[in-house]
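Student: I have a structure I would like to understand better, so I am pasting it below and will then ask my questions one at a time.
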Amino acid sequence: MTATARTPLTREDLAPLTRAALGPTRTLSAVTRLRGGTKKGVYRLTLDDDTTAVAYVWSPDEDYWDAGPSDLRDPFSHGTGLDLFTAAHDRLHAAGVRTPRLLYADPTHTLLPADAAIVEDLTGGSLEEALRRDPRTAGPALARLADTLAALHAHEGPTFGKVALVDNGGVPNADSCEQRVTEGALRDIAATAARDARIAAVRDDLEALVRNLAAQVRPRTRHTLIHGELGPDHVLLDADGHPALIDIEGLMYFDAEWEHVFLRIRFGPHYDALRTPGLDEHRLRLYRLAMHLSLVAGPLRLLDGDFPEPGPMREIAEHNLLSALELVECSAACTRYW
């Protein structure tokens, strides 16, 4: 846990970055820290002509995970930092996938004591908000997201791993996507069993199920470009209702099934609009269980620190814990997990 209180950046703090990015004649009139970020600070900048932009700030004070050193060779390593962001932004742009346009990047730590960037502000709200207001009128945006996913997943990499690694000729530290997912799931079981008696009571069954599902996955050499954490809150809409992907630092080449498992969990009843044929049932089974386990272990670890909104994180952990337990109960009788 961070020893001192975290203080949001102020207008005075962000004024030098804003002038460097948008010009010396522009005056920053207001700053609002946007909710939801756990790895970086996200600030809406309002200028003297009422136009807006968004600042991203990567610093220890803005990162609630206290993850320590990160190994870029691990596809699921702590996905944060300006280098990861710019690599992902450039890769998405080259693939024709919409993301807020990068206006300025500053790695010098002279304007702020942290890596920072400024991007365009998309003020159409999130797809999550649109679906909550009226799923019917949000239908066209959801259909456009399906097209965005098709464009994203049409691009492949020479191996799997974060874009910042692979596009610079690096290689991952695991032999395959399924091996990394399996090892991560077993670690998540151990971490959660130490915190929750319900998982501890079925730990052996959970570990056996993970290994059994992993044994059914056949090798694959195709690695698809995926976002990795694409919930409706990570999709913003522009003025024309077109989707743009945000929180892109985890962009990687991996199995499309990993993306679709997350999409199904986060989009719930709206997932059918994003469903695609040709996915591997065995990978979906393994990845669904592993994803639920990750969405228990991760939020519980975050709650060890000083994250200011613990309630939603507890709800995420509890929902996914119950889902993992259901899969254990189903394993003896169910023939399908997807």
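Order determines the names: the first chain of the structure tokens is A, the second B, and so forth; residues in each chain are numbered 1 upward, and ligands are numbered 1 upward as they are shown.
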So that I can check the surroundings of stretch 213-216 of chain A, please list as a ChimeraX atom specification every protein, DNA and RNA residue that reaches within 7 Å of it, counting only C-alpha atoms and ignoring chain neighbours fewer than 2 positions away.
Tutor: /A:178,182,209-211,218,282,285-286
Student: Check which residues of stretch 186-243 of chain A sit at most 7 Å from stretch 139-145 of chain A using only C-alpha atoms, and return one row each with the closest pair of atoms and their distance in Å to one decimal, ordered by chain and rising number, as CSV.
Tutor:
```
residue,atom,partner,partner_atom,distance
A:Gly241,CA,A:Ala141,CA,6.1
A:His242,CA,A:Ala141,CA,6.2
A:Pro243,CA,A:Leu145,CA,6.1
```
Student: Residues as selected, all heavy atoms, written as an mmCIF file, in the first residue's frame, can you do that?
Tutor:
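Here's the written file selection-v5.cif:
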```cif
data_model
loop_
_atom_site.group_PDB
_atom_site.id
_atom_site.type_symbol
_atom_site.label_atom_id
_atom_site.label_comp_id
_atom_site.auth_asym_id
_atom_site.auth_seq_id
_atom_site.Cartn_x
_atom_site.Cartn_y
_atom_site.Cartn_z
ATOM 1 N N GLY A 241 -21.169 8.190 -33.522
ATOM 2 C CA GLY A 241 -21.556 6.897 -32.968
ATOM 3 C C GLY A 241 -20.623 5.764 -33.319
ATOM 4 O O GLY A 241 -20.967 4.594 -33.106
ATOM 5 N N HIS A 242 -19.442 6.079 -33.834
ATOM 6 C CA HIS A 242 -18.476 5.035 -34.180
ATOM 7 C C HIS A 242 -17.620 4.688 -32.961
ATOM 8 O O HIS A 242 -17.208 5.580 -32.210
ATOM 9 C CB HIS A 242 -17.583 5.483 -35.336
ATOM 10 C CG HIS A 242 -18.325 5.652 -36.624
ATOM 11 N ND1 HIS A 242 -18.724 4.591 -37.398
ATOM 12 C CD2 HIS A 242 -18.770 6.767 -37.254
ATOM 13 C CE1 HIS A 242 -19.366 5.026 -38.457
ATOM 14 N NE2 HIS A 242 -19.421 6.350 -38.394
ATOM 15 N N PRO A 243 -17.345 3.398 -32.745
ATOM 16 C CA PRO A 243 -16.590 2.999 -31.549
ATOM 17 C C PRO A 243 -15.102 3.256 -31.675
ATOM 18 O O PRO A 243 -14.519 3.165 -32.757
ATOM 19 C CB PRO A 243 -16.880 1.493 -31.455
ATOM 20 C CG PRO A 243 -17.150 1.071 -32.865
ATOM 21 C CD PRO A 243 -17.802 2.247 -33.541
#
```
Student: Running DSSP on the backbone, which parts of stretch 12-192 of chain A land in helix (DSSP H, G or I), as a count of residues only?
Tutor: 70
Student: Would you pick out the contacts of A:Ser294 at 12 Å or less, using only C-alpha atoms, so that residues sharing its chain but fewer than 4 positions from it are not included, and give the list as a PyMOL selection string?
Tutor: chain A and resi 76+181-192+229+262+287-290+298-302+316-321+323-324
Student: Atom CA of A:Thr110 to atom CA of A:Leu251: how many Å, to one decimal?
Tutor: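 Calculated distance between atom CA of A:Thr110 and atom CA of A:Leu251 is 27.6 Å.
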Student: So, with only C-alpha atoms as the atoms that count, which of A:Leu17, A:Leu152, A:Ala164, A:Leu112 lies closest to A:Gly79?
Tutor: A:Ala164
Student: Write out as an NGL selection string the set of residues from stretch 90-138 of chain A that DSSP, computed on the backbone, places in strand (DSSP E).
Tutor: :A and (102-106 or 115-120)
